[in-house]
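Everything below belongs to final_20.cif, which stores mmCIF, C-alpha atoms (C1' of nucleotides).
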data_upload
#
loop_
_atom_site.label_atom_id
_atom_site.label_comp_id
_atom_site.auth_asym_id
_atom_site.auth_seq_id
_atom_site.Cartn_x
_atom_site.Cartn_y
_atom_site.Cartn_z
CA MET A 1458 -20.23 -15.99 27.42
CA GLU A 1459 -17.98 -13.71 29.43
CA LYS A 1460 -16.50 -10.53 28.14
CA ARG A 1461 -12.96 -10.78 29.34
CA SER A 1462 -11.69 -7.38 28.41
CA THR A 1463 -14.54 -5.49 29.97
CA THR A 1464 -14.90 -7.35 33.25
CA ASP A 1465 -11.27 -7.87 34.17
CA GLN A 1466 -10.30 -4.34 35.11
CA SER A 1467 -7.50 -4.47 37.67
CA PRO A 1468 -4.87 -1.78 37.08
CA GLU A 1469 -2.32 -4.41 36.06
CA ALA A 1470 -4.66 -6.01 33.57
CA LEU A 1471 -5.47 -2.62 32.12
CA ARG A 1472 -1.83 -1.80 31.77
CA LEU A 1473 -1.14 -5.07 30.03
CA GLU A 1474 -4.08 -4.55 27.75
CA ALA A 1475 -2.81 -1.11 26.82
CA ALA A 1476 0.66 -2.43 26.09
CA ARG A 1477 -0.75 -5.25 23.99
CA ASP A 1478 -2.93 -2.83 22.05
CA GLU A 1479 0.00 -0.55 21.47
CA PHE A 1480 2.03 -3.45 20.15
CA VAL A 1481 -0.71 -4.69 17.86
CA THR A 1482 -1.41 -1.23 16.48
CA GLN A 1483 2.18 -0.31 15.88
CA TRP A 1484 3.04 -3.64 14.39
CA GLY A 1485 0.24 -3.08 11.94
CA ALA A 1486 1.71 0.27 10.98
CA ILE A 1487 5.18 -1.20 10.59
CA GLY A 1488 3.84 -3.99 8.45
CA SER A 1489 2.14 -1.64 6.09
CA ALA A 1490 5.38 0.28 5.58
CA TRP A 1491 6.78 -2.99 4.25
CA GLY A 1492 3.91 -3.73 1.93
CA ILE A 1493 1.93 -5.95 4.27
CA ASN A 1494 -1.76 -5.46 4.81
CA ARG A 1495 -2.33 -3.68 8.11
CA THR A 1496 -4.88 -6.12 9.43
CA MET A 1497 -2.81 -9.12 8.56
CA ALA A 1498 0.09 -7.65 10.49
CA GLN A 1499 -2.19 -6.89 13.42
CA ILE A 1500 -3.57 -10.40 13.55
CA HIS A 1501 -0.05 -11.73 13.40
CA ALA A 1502 0.99 -9.42 16.23
CA LEU A 1503 -1.98 -10.52 18.30
CA LEU A 1504 -1.25 -14.20 17.82
CA ILE A 1505 2.40 -13.72 18.59
CA ILE A 1506 1.75 -12.24 22.00
CA THR A 1507 -1.05 -14.61 22.89
CA PRO A 1508 0.23 -17.79 24.51
CA ARG A 1509 -2.78 -19.90 23.65
CA ALA A 1510 -4.31 -20.56 20.23
CA MET A 1511 -7.25 -18.35 19.26
CA THR A 1512 -10.43 -18.83 17.31
CA THR A 1513 -11.58 -16.63 14.47
CA ASP A 1514 -14.22 -15.18 16.78
CA GLU A 1515 -11.70 -14.21 19.40
CA VAL A 1516 -9.58 -12.46 16.81
CA MET A 1517 -12.68 -10.68 15.50
CA GLU A 1518 -13.62 -9.49 18.95
CA GLU A 1519 -10.13 -8.38 20.02
CA LEU A 1520 -9.48 -6.46 16.81
CA ARG A 1521 -13.08 -5.37 16.14
CA ILE A 1522 -13.05 -6.66 12.61
CA SER A 1523 -15.56 -8.57 10.55
CA ARG A 1524 -15.62 -12.33 10.12
CA GLY A 1525 -14.70 -12.15 6.47
CA ASN A 1526 -11.73 -9.96 7.17
CA ALA A 1527 -10.48 -12.10 10.03
CA HIS A 1528 -10.95 -15.25 8.01
CA MET A 1529 -9.17 -14.07 4.90
CA ASN A 1530 -6.20 -12.69 6.75
CA LEU A 1531 -5.84 -15.74 8.96
CA ARG A 1532 -5.76 -17.86 5.83
CA GLU A 1533 -3.18 -15.57 4.33
CA LEU A 1534 -1.02 -15.92 7.43
CA VAL A 1535 -1.35 -19.69 7.25
CA GLY A 1536 -0.34 -19.41 3.60
CA TRP A 1537 2.78 -17.55 4.59
CA GLY A 1538 3.55 -20.26 7.11
CA LEU A 1539 3.57 -17.80 9.98
CA VAL A 1540 0.47 -19.23 11.61
CA ARG A 1541 -0.81 -22.77 11.84
CA SER A 1542 -4.28 -23.98 12.49
CA VAL A 1543 -4.91 -26.35 15.35
CA ILE A 1544 -7.90 -28.60 15.71
CA ARG A 1545 -8.62 -29.76 19.22
CA LYS A 1546 -10.17 -33.17 19.49
CA GLY A 1547 -13.79 -33.13 20.49
CA GLU A 1548 -14.10 -29.52 19.34
CA ARG A 1549 -15.51 -28.39 16.12
CA LYS A 1550 -13.93 -25.03 15.61
CA GLU A 1551 -10.54 -24.17 14.32
CA TYR A 1552 -7.87 -22.53 16.44
CA PHE A 1553 -4.90 -20.54 15.23
CA GLU A 1554 -1.49 -20.07 16.75
CA ALA A 1555 1.57 -18.21 15.56
CA GLU A 1556 5.12 -19.45 15.37
CA LYS A 1557 6.70 -17.70 18.33
CA ASP A 1558 10.39 -18.33 17.70
CA VAL A 1559 11.69 -15.08 16.26
CA TRP A 1560 14.45 -16.64 14.22
CA LYS A 1561 12.06 -19.13 12.62
CA MET A 1562 9.64 -16.33 11.92
CA PHE A 1563 12.36 -14.37 10.22
CA CYS A 1564 13.41 -17.33 8.11
CA THR A 1565 9.84 -17.97 7.04
CA ILE A 1566 9.37 -14.38 5.99
CA ILE A 1567 12.63 -14.36 4.06
CA ARG A 1568 11.79 -17.63 2.35
CA GLU A 1569 8.39 -16.36 1.27
CA ARG A 1570 9.64 -12.99 0.12
CA LYS A 1571 12.36 -14.68 -1.86
CA ARG A 1572 9.79 -16.86 -3.54
CA ARG A 1573 7.15 -14.20 -4.08
CA GLU A 1574 9.22 -11.15 -4.88
CA ILE A 1575 12.95 -11.65 -5.30
CA ARG A 1576 12.74 -14.58 -7.72
CA PRO A 1577 10.12 -12.94 -9.94
CA ALA A 1578 12.16 -9.73 -9.94
CA ILE A 1579 15.22 -11.64 -11.11
CA ASN A 1580 13.17 -13.18 -13.90
CA VAL A 1581 11.94 -9.79 -15.00
CA LEU A 1582 15.50 -8.53 -15.12
CA LYS A 1583 16.68 -11.52 -17.12
CA ASP A 1584 13.89 -10.98 -19.57
CA CYS A 1585 14.85 -7.32 -19.98
CA ILE A 1586 18.49 -8.28 -20.54
CA ASP A 1587 17.51 -10.83 -23.18
CA ARG A 1588 15.45 -8.32 -25.04
CA ALA A 1589 18.14 -5.69 -25.32
CA GLN A 1590 21.54 -7.33 -25.02
CA ASP A 1591 22.29 -7.48 -28.74
CA LEU A 1592 21.42 -3.85 -29.41
CA LYS A 1593 24.31 -1.50 -30.12
CA ALA A 1594 22.93 1.99 -29.57
CA PRO A 1595 24.53 3.79 -26.62
CA ASP A 1596 21.26 3.95 -24.72
CA ALA A 1597 20.78 0.23 -25.24
CA VAL A 1598 24.26 -0.56 -23.98
CA ALA A 1599 23.62 1.53 -20.90
CA PHE A 1600 20.31 -0.21 -20.36
CA THR A 1601 21.85 -3.64 -20.63
CA LYS A 1602 24.69 -2.80 -18.30
CA GLN A 1603 22.37 -1.42 -15.69
CA THR A 1604 19.88 -4.26 -15.75
CA ARG A 1605 22.69 -6.80 -15.74
CA ASP A 1606 24.32 -5.16 -12.70
CA LEU A 1607 21.00 -5.15 -10.93
CA CYS A 1608 20.37 -8.76 -11.85
CA GLU A 1609 23.76 -9.92 -10.61
CA PHE A 1610 23.25 -8.05 -7.40
CA MET A 1611 19.89 -9.61 -6.78
CA GLU A 1612 21.15 -13.08 -7.54
CA MET A 1613 23.92 -12.52 -5.06
CA ALA A 1614 21.45 -11.29 -2.44
CA ASP A 1615 19.20 -14.23 -3.15
CA GLY A 1616 22.11 -16.58 -2.63
CA VAL A 1617 23.16 -14.95 0.63
CA LEU A 1618 19.63 -15.13 1.97
CA SER A 1619 19.37 -18.77 1.00
CA LYS A 1620 22.51 -19.46 2.97
CA VAL A 1621 21.19 -17.64 5.99
CA VAL A 1622 17.79 -19.27 5.85
CA ARG A 1623 19.08 -22.76 5.22
CA SER A 1624 20.69 -22.65 8.64
CA GLU A 1625 17.28 -22.29 10.24
CA GLN A 1626 17.65 -25.50 12.19
CA SER A 1627 20.91 -24.63 13.82
CA THR A 1628 21.36 -21.68 16.08
CA ILE A 1629 24.80 -21.04 14.67
CA VAL A 1630 23.98 -18.23 12.31
CA PRO A 1631 22.06 -16.09 14.80
CA TRP A 1632 24.84 -16.75 17.27
CA ALA A 1633 27.50 -15.77 14.75
CA LEU A 1634 25.57 -12.69 13.75
CA LYS A 1635 25.61 -11.45 17.29
CA PHE A 1636 29.37 -11.28 17.16
CA LEU A 1637 29.34 -9.46 13.89
CA LYS A 1638 27.73 -6.52 15.67
CA MET B 722 10.85 20.52 -29.80
CA GLU B 723 11.21 17.02 -31.18
CA LYS B 724 9.21 14.05 -30.05
CA ARG B 725 11.88 11.42 -29.73
CA SER B 726 9.78 8.39 -28.99
CA THR B 727 7.35 8.91 -31.81
CA THR B 728 9.75 9.82 -34.60
CA ASP B 729 12.56 7.33 -33.95
CA GLN B 730 10.94 4.08 -35.07
CA SER B 731 13.68 1.72 -36.24
CA PRO B 732 13.06 -1.88 -35.15
CA GLU B 733 16.01 -1.71 -32.75
CA ALA B 734 14.79 1.47 -31.18
CA LEU B 735 11.35 -0.01 -30.78
CA ARG B 736 12.74 -3.09 -29.14
CA LEU B 737 14.78 -1.03 -26.73
CA GLU B 738 11.79 1.09 -25.94
CA ALA B 739 9.72 -2.00 -25.21
CA ALA B 740 12.40 -3.43 -22.94
CA ARG B 741 12.71 -0.14 -21.10
CA ASP B 742 8.95 0.08 -20.65
CA GLU B 743 8.84 -3.45 -19.37
CA PHE B 744 11.55 -2.67 -16.86
CA VAL B 745 9.90 0.52 -15.65
CA THR B 746 6.50 -1.11 -15.31
CA GLN B 747 7.73 -4.19 -13.52
CA TRP B 748 10.00 -2.25 -11.24
CA GLY B 749 6.98 -0.23 -10.22
CA ALA B 750 5.09 -3.40 -9.38
CA ILE B 751 8.01 -4.78 -7.42
CA GLY B 752 8.36 -1.54 -5.52
CA SER B 753 4.76 -1.54 -4.46
CA ALA B 754 5.12 -5.06 -3.09
CA TRP B 755 7.74 -3.58 -0.76
CA GLY B 756 5.64 -0.64 0.36
CA ILE B 757 6.95 1.89 -2.12
CA ASN B 758 4.66 4.06 -4.15
CA ARG B 759 4.36 2.65 -7.65
CA THR B 760 5.10 5.92 -9.44
CA MET B 761 8.10 6.66 -7.30
CA ALA B 762 9.53 3.28 -8.16
CA GLN B 763 8.82 3.85 -11.85
CA ILE B 764 10.53 7.21 -11.88
CA HIS B 765 13.48 5.66 -10.13
CA ALA B 766 13.59 2.85 -12.68
CA LEU B 767 13.43 5.34 -15.51
CA LEU B 768 16.27 7.44 -14.14
CA ILE B 769 18.39 4.38 -13.47
CA ILE B 770 18.30 3.24 -17.08
CA THR B 771 18.68 6.70 -18.55
CA PRO B 772 22.33 7.70 -18.95
CA ARG B 773 21.69 11.42 -18.98
CA ALA B 774 19.93 13.56 -16.39
CA MET B 775 16.27 14.29 -17.06
CA THR B 776 13.95 17.21 -16.46
CA THR B 777 10.59 17.01 -14.75
CA ASP B 778 8.96 17.49 -18.14
CA GLU B 779 10.78 14.57 -19.68
CA VAL B 780 9.74 12.33 -16.81
CA MET B 781 6.16 13.53 -17.18
CA GLU B 782 6.11 12.79 -20.87
CA GLU B 783 7.82 9.42 -20.67
CA LEU B 784 5.58 8.15 -17.86
CA ARG B 785 2.43 10.07 -18.84
CA ILE B 786 1.95 11.54 -15.41
CA SER B 787 1.03 14.99 -14.19
CA ARG B 788 3.46 17.66 -13.18
CA GLY B 789 2.43 17.54 -9.56
CA ASN B 790 2.91 13.82 -9.39
CA ALA B 791 6.28 13.89 -11.11
CA HIS B 792 7.42 16.73 -8.93
CA MET B 793 6.41 15.19 -5.62
CA ASN B 794 7.92 11.82 -6.37
CA LEU B 795 11.14 13.29 -7.68
CA ARG B 796 11.45 15.22 -4.44
CA GLU B 797 10.78 12.08 -2.48
CA LEU B 798 13.51 10.27 -4.37
CA VAL B 799 15.91 13.10 -3.67
CA GLY B 800 14.85 12.83 -0.03
CA TRP B 801 15.78 9.17 -0.03
CA GLY B 802 19.14 10.06 -1.52
CA LEU B 803 18.54 7.85 -4.54
CA VAL B 804 18.38 10.74 -6.95
CA ARG B 805 20.22 14.03 -7.06
CA SER B 806 19.29 17.21 -8.78
CA VAL B 807 21.72 18.79 -11.17
CA ILE B 808 21.72 22.38 -12.27
CA ARG B 809 23.48 23.09 -15.50
CA LYS B 810 25.12 26.46 -15.74
CA GLY B 811 23.34 28.83 -18.06
CA GLU B 812 20.17 26.79 -17.80
CA ARG B 813 17.25 27.56 -15.65
CA LYS B 814 15.61 24.25 -15.19
CA GLU B 815 16.45 21.46 -12.85
CA TYR B 816 17.72 18.08 -14.03
CA PHE B 817 17.58 14.82 -12.12
CA GLU B 818 19.85 11.82 -12.22
CA ALA B 819 19.88 8.58 -10.27
CA GLU B 820 22.77 6.96 -8.50
CA LYS B 821 23.65 4.13 -10.84
CA ASP B 822 26.01 2.06 -8.71
CA VAL B 823 23.91 -0.84 -7.48
CA TRP B 824 25.84 -1.36 -4.28
CA LYS B 825 25.56 2.32 -3.34
CA MET B 826 21.87 2.23 -4.16
CA PHE B 827 21.42 -0.73 -1.90
CA CYS B 828 23.29 0.93 0.96
CA THR B 829 21.22 4.07 0.61
CA ILE B 830 17.99 2.11 0.75
CA ILE B 831 19.14 0.13 3.77
CA ARG B 832 20.28 3.27 5.55
CA GLU B 833 16.95 5.00 4.96
CA ARG B 834 14.86 2.00 5.89
CA LYS B 835 16.87 1.61 9.06
CA ARG B 836 16.22 5.21 9.93
CA ARG B 837 12.59 5.33 8.92
CA GLU B 838 11.34 1.91 9.93
CA ILE B 839 13.71 -0.29 11.86
CA ARG B 840 14.71 2.29 14.46
CA PRO B 841 11.13 3.40 15.14
CA ALA B 842 10.07 -0.24 15.40
CA ILE B 843 12.75 -0.88 18.00
CA ASN B 844 11.56 2.12 19.96
CA VAL B 845 7.99 0.85 19.89
CA LEU B 846 9.16 -2.50 21.18
CA LYS B 847 11.16 -0.93 23.96
CA ASP B 848 8.18 1.11 24.98
CA CYS B 849 6.00 -2.02 25.10
CA ILE B 850 8.58 -3.83 27.20
CA ASP B 851 8.78 -0.91 29.62
CA ARG B 852 5.05 -0.85 30.06
CA ALA B 853 4.67 -4.51 30.92
CA GLN B 854 7.95 -5.82 32.30
CA ASP B 855 7.03 -5.60 35.95
CA LEU B 856 3.69 -7.36 35.58
CA LYS B 857 3.45 -10.87 36.95
CA ALA B 858 0.38 -12.38 35.29
CA PRO B 859 1.22 -15.27 32.95
CA ASP B 860 -0.05 -13.41 29.90
CA ALA B 861 2.08 -10.44 30.85
CA VAL B 862 5.18 -12.57 31.24
CA ALA B 863 4.55 -14.12 27.83
CA PHE B 864 4.05 -10.67 26.34
CA THR B 865 7.27 -9.35 27.79
CA LYS B 866 9.27 -12.35 26.66
CA GLN B 867 7.94 -12.14 23.15
CA THR B 868 8.47 -8.41 22.72
CA ARG B 869 11.91 -8.67 24.27
CA ASP B 870 12.92 -11.47 21.88
CA LEU B 871 11.65 -9.45 18.98
CA CYS B 872 13.47 -6.37 20.19
CA GLU B 873 16.76 -8.19 20.62
CA PHE B 874 16.42 -9.68 17.19
CA MET B 875 15.78 -6.34 15.58
CA GLU B 876 18.67 -4.72 17.37
CA MET B 877 20.89 -7.49 16.12
CA ALA B 878 19.59 -7.05 12.58
CA ASP B 879 20.08 -3.32 12.84
CA GLY B 880 23.65 -3.88 13.94
CA VAL B 881 24.42 -6.27 11.12
CA LEU B 882 22.97 -3.90 8.56
CA SER B 883 25.01 -1.05 9.98
CA LYS B 884 28.14 -3.12 9.56
CA VAL B 885 27.26 -3.97 5.99
CA VAL B 886 26.35 -0.45 5.06
CA ARG B 887 29.32 1.16 6.75
CA SER B 888 31.54 -0.63 4.27
CA GLU B 889 29.90 1.25 1.41
CA GLN B 890 33.16 2.84 0.35
CA SER B 891 35.11 -0.35 0.04
CA THR B 892 34.20 -3.10 -2.35
CA ILE B 893 35.23 -5.71 0.17
CA VAL B 894 31.82 -6.64 1.48
CA PRO B 895 30.18 -7.20 -1.91
CA TRP B 896 33.27 -9.17 -2.88
CA ALA B 897 33.12 -11.27 0.27
CA LEU B 898 29.41 -11.83 -0.12
CA LYS B 899 29.94 -13.36 -3.51
CA PHE B 900 32.00 -16.09 -1.90
CA LEU B 901 29.39 -16.72 0.72
CA LYS B 902 27.10 -17.93 -2.02
"C1'" DC C 1327 -31.94 -36.91 6.75
"C1'" DT C 1328 -31.96 -32.56 9.32
"C1'" DA C 1329 -30.29 -29.22 12.13
"C1'" DA C 1330 -26.74 -26.83 14.18
"C1'" DA C 1331 -21.96 -25.31 14.16
"C1'" DC C 1332 -18.72 -23.57 11.71
"C1'" DT C 1333 -16.20 -21.91 7.35
"C1'" DT C 1334 -15.90 -19.72 2.96
"C1'" DT C 1335 -17.01 -16.55 -0.59
"C1'" DC C 1336 -17.84 -12.27 -2.68
"C1'" DA C 1337 -20.66 -8.12 -4.27
"C1'" DG C 1338 -20.97 -3.75 -2.79
"C1'" DG C 1339 -19.46 -0.04 0.16
"C1'" DA C 1340 -15.83 2.47 2.85
"C1'" DA C 1341 -11.42 4.00 3.65
"C1'" DA C 1342 -6.88 4.96 2.36
"C1'" DT C 1343 -3.77 6.39 -0.99
"C1'" DA C 1344 -2.26 8.55 -5.07
"C1'" DA C 1345 -2.78 11.73 -9.10
"C1'" DT C 1346 -4.44 15.79 -11.45
"C1'" DG C 1347 -4.38 20.43 -12.79
"C1'" DA C 1348 -4.57 24.95 -11.94
"C1'" DA C 1349 -3.21 28.68 -9.06
"C1'" DA C 1350 0.32 30.61 -6.20
"C1'" DA C 1351 5.02 31.20 -5.22
"C1'" DT C 1352 9.73 31.80 -6.50
"C1'" DA C 1353 13.68 33.00 -9.11
"C1'" DA C 1354 16.17 34.99 -12.96
"C1'" DG C 1355 16.81 37.92 -17.01
"C1'" DA C 1356 15.88 42.23 -19.26
"C1'" DT D 558 10.90 46.89 -11.77
"C1'" DC D 559 8.37 43.81 -14.76
"C1'" DT D 560 8.13 39.62 -17.39
"C1'" DT D 561 8.73 35.04 -18.08
"C1'" DA D 562 10.40 30.46 -16.89
"C1'" DT D 563 10.17 27.20 -13.50
"C1'" DT D 564 8.88 25.15 -9.18
"C1'" DT D 565 5.70 24.20 -5.51
"C1'" DT D 566 1.40 23.53 -3.30
"C1'" DC D 567 -3.00 21.65 -2.51
"C1'" DA D 568 -8.14 21.10 -3.06
"C1'" DT D 569 -10.43 18.07 -5.79
"C1'" DT D 570 -10.93 13.76 -8.15
"C1'" DA D 571 -9.64 9.13 -9.28
"C1'" DT D 572 -7.88 4.75 -8.18
"C1'" DT D 573 -6.58 1.17 -5.46
"C1'" DT D 574 -7.01 -1.42 -1.60
"C1'" DC D 575 -9.45 -3.14 2.09
"C1'" DC D 576 -13.55 -4.46 4.87
"C1'" DT D 577 -18.22 -5.76 5.78
"C1'" DG D 578 -22.06 -8.65 6.18
"C1'" DA D 579 -24.96 -11.74 4.52
"C1'" DA D 580 -25.67 -15.78 1.85
"C1'" DA D 581 -23.97 -20.11 0.43
"C1'" DG D 582 -21.16 -24.02 1.47
"C1'" DT D 583 -19.41 -27.65 4.39
"C1'" DT D 584 -19.09 -30.77 8.12
"C1'" DT D 585 -20.64 -33.29 12.05
"C1'" DA D 586 -23.91 -35.06 15.46
"C1'" DG D 587 -28.07 -36.96 16.40
#

Represent the supplied structure as structure tokens.
Amino acid sequence: MEKRSTTDQSPEALRLEAARDEFVTQWGAIGSAWGINRTMAQIHALLIITPRAMTTDEVMEELRISRGNAHMNLRELVGWGLVRSVIRKGERKEYFEAEKDVWKMFCTIIRERKRREIRPAINVLKDCIDRAQDLKAPDAVAFTKQTRDLCEFMEMADGVLSKVVRSEQSTIVPWALKFLK
Amino acid sequence: MEKRSTTDQSPEALRLEAARDEFVTQWGAIGSAWGINRTMAQIHALLIITPRAMTTDEVMEELRISRGNAHMNLRELVGWGLVRSVIRKGERKEYFEAEKDVWKMFCTIIRERKRREIRPAINVLKDCIDRAQDLKAPDAVAFTKQTRDLCEFMEMADGVLSKVVRSEQSTIVPWALKFLK
DNA sequence: CTAAACTTTCAGGAAATAATGAAAATAAGA
DNA sequence: TCTTATTTTCATTATTTCCTGAAAGTTTAG
């Protein structure tokens, strides 16, 4: 077994390694600001900038994390559809590679967030509206108006995002968006 | 001092109270899925569905949280621009009220997230590109391509969001978006 | 069937984050 | 100025979230 990162020490390689580390670290921080587990974001970052598929052990080594941690978060990423597992014939272990196309990545994230968070939020709002809509007290009327406004807004947003995401195949939307700038 | 919530027990009032509680609780959960402190989201929810401005003490009582907690999170909300403090003449204490217009709320959140997270992320990406763009190794080329793609995408997204948010005053964008559904 | 290679699970511990409560600071009225 | 109402801070404590490592499970080759 060779230790890549400790034997390959040319200045260029070091510089690349530093840049990669920076990216992985910062991407982890960014992820956690958006409610994503730091390690999951870091693994995702690592896979995104690695051209070949990686094994659990490689991820563990690169990120200095335990097997359990690496495993769980890789599974989670597969669950999100951001990473797929690859099995090479004749080999027993599992490899993982990330979707590299940024637009596809974006669409996947939107699709999942819609499903996991926007839809449930809309349901909560509808439930709240149902519970209070027939009440006449001023506070109740205010409550109903506010939740209804919020609900309509979120349904609109959900619809817009669906439109955007549905165009995943074509490159038209990203192209059009560039001109909207 | 009267205890509103424990003396006013008509079935309607109870039902409203339950709906409000549900909303506050769930909104807190939703917030934390998006990287926002649960309590902050709950206070925001509470202020959104309360027609009048509230004092720190009212928020404390309603949410059963400590003064320090209420205080800090109210300040944070004011910092986000989602809540403003109101000082009534002749009164010494501070009142807080939330922006109720959903579209304005949305624009405020976008504007802040752009400032706090999207911009810094773009800067990180640019820094990573700078560090590695002159390297020739295959891994380095892949790294640069990937970070550059990501960077371009985020700049595009940032631009689109700016466009959307800049139209805050007018009601044209929300109106147009409805038709995009 | 057995062993080796690899994956999965999860109880317990560690780290990160948030909340409390009391003391200190500030501001306003008398 | 002094007193009181109100706000702010922050060390301590509590809670939540995450990670580890080892044991159990699974699969494949021989």

Item to complete: Output as a ChimeraX atom specification the set of chain D residues within 12 Å of chain A, with distances taken over all atoms listed in the file.
Response: /D:574-579,584-586

Fill in: Pick from B:Gln747, B:Ile839, B:Lys821, B:Lys814, whichever lies nearest to DA1354 in chain C using all atoms listed in the file
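Smallest distance to DA1354 in chain C is found for B:Lys814.
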
Convert the output of the PyMOL selection byres ((chain A) within 6 of (chain B)) on the shown file into explicit residues, formatted as a tab-separated table (two decimals) with C-alpha atoms, in the coordinates of the input.
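Now in selection_39.tsv:
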chain	number	residue	atom	x	y	z
A	1473	LEU	CA	-1.14	-5.07	30.03
A	1476	ALA	CA	0.66	-2.43	26.09
A	1490	ALA	CA	5.38	0.28	5.58
A	1491	TRP	CA	6.78	-2.99	4.25
A	1492	GLY	CA	3.91	-3.73	1.93
A	1506	ILE	CA	1.75	-12.24	22.00
A	1585	CYS	CA	14.85	-7.32	-19.98
A	1589	ALA	CA	18.14	-5.69	-25.32
A	1600	PHE	CA	20.31	-0.21	-20.36
A	1616	GLY	CA	22.11	-16.58	-2.63
A	1617	VAL	CA	23.16	-14.95	0.63
A	1638	LYS	CA	27.73	-6.52	15.67

Worksheet item: Just how far from CA of Arg1605 in chain A is CA of His792 in chain B, in Å to one decimal?
Response: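 CA of His792 in chain B sits 28.9 Å away from CA of Arg1605 in chain A.
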
Item to complete: Excluding Val799 in chain B and residues on its chain fewer than 3 positions from it, collect all residues at most 12 Å away from it, counting only C-alpha atoms (C1' of nucleotides), and give them as a PyMOL selection string.
Response: chain B and resi 761+764-765+768+792-796+802-807+816-820+829+833

Closest atom pairs, residues of chain C within 12 Å of chain A, all atoms listed in the file, as CSV:
residue,atom,partner,partner_atom,distance
C:DA1330,C1',A:Arg1549,CA,11.5
C:DA1331,C1',A:Arg1549,CA,7.4
C:DC1332,C1',A:Lys1550,CA,6.3
C:DT1333,C1',A:His1528,CA,8.5
C:DT1334,C1',A:His1528,CA,8.4
C:DT1335,C1',A:Gly1525,CA,8.6
C:DC1336,C1',A:Gly1525,CA,9.7
C:DA1342,C1',A:Arg1495,CA,11.3

Worksheet item: For the atom pair CA of Gln1499 in chain A and CA of Val1481 in chain A, what is the interatomic distance in Å to one decimal place?
Response: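 Distance between the two atoms: 5.2 Å.
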
Worksheet item: What is the CA of Cys828 in chain B to CA of Val886 in chain B distance in Å?
Response: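 Separation of CA of Cys828 in chain B and CA of Val886 in chain B: 5.3 Å.
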
Worksheet item: What do you get, as a PyMOL selection string, if you spell out every residue that the PyMOL selection byres ((chain C and resi 1350) around 9) selects here?
Response: (chain C and resi 1349+1351) or (chain D and resi 565-566)

Worksheet item: What residues come out when you apply the PyMOL selection byres ((chain D and resi 561) around 12) to this file, written as a ChimeraX atom specification?
Response: /B:813 /C:1353-1356 /D:559-560,562-563
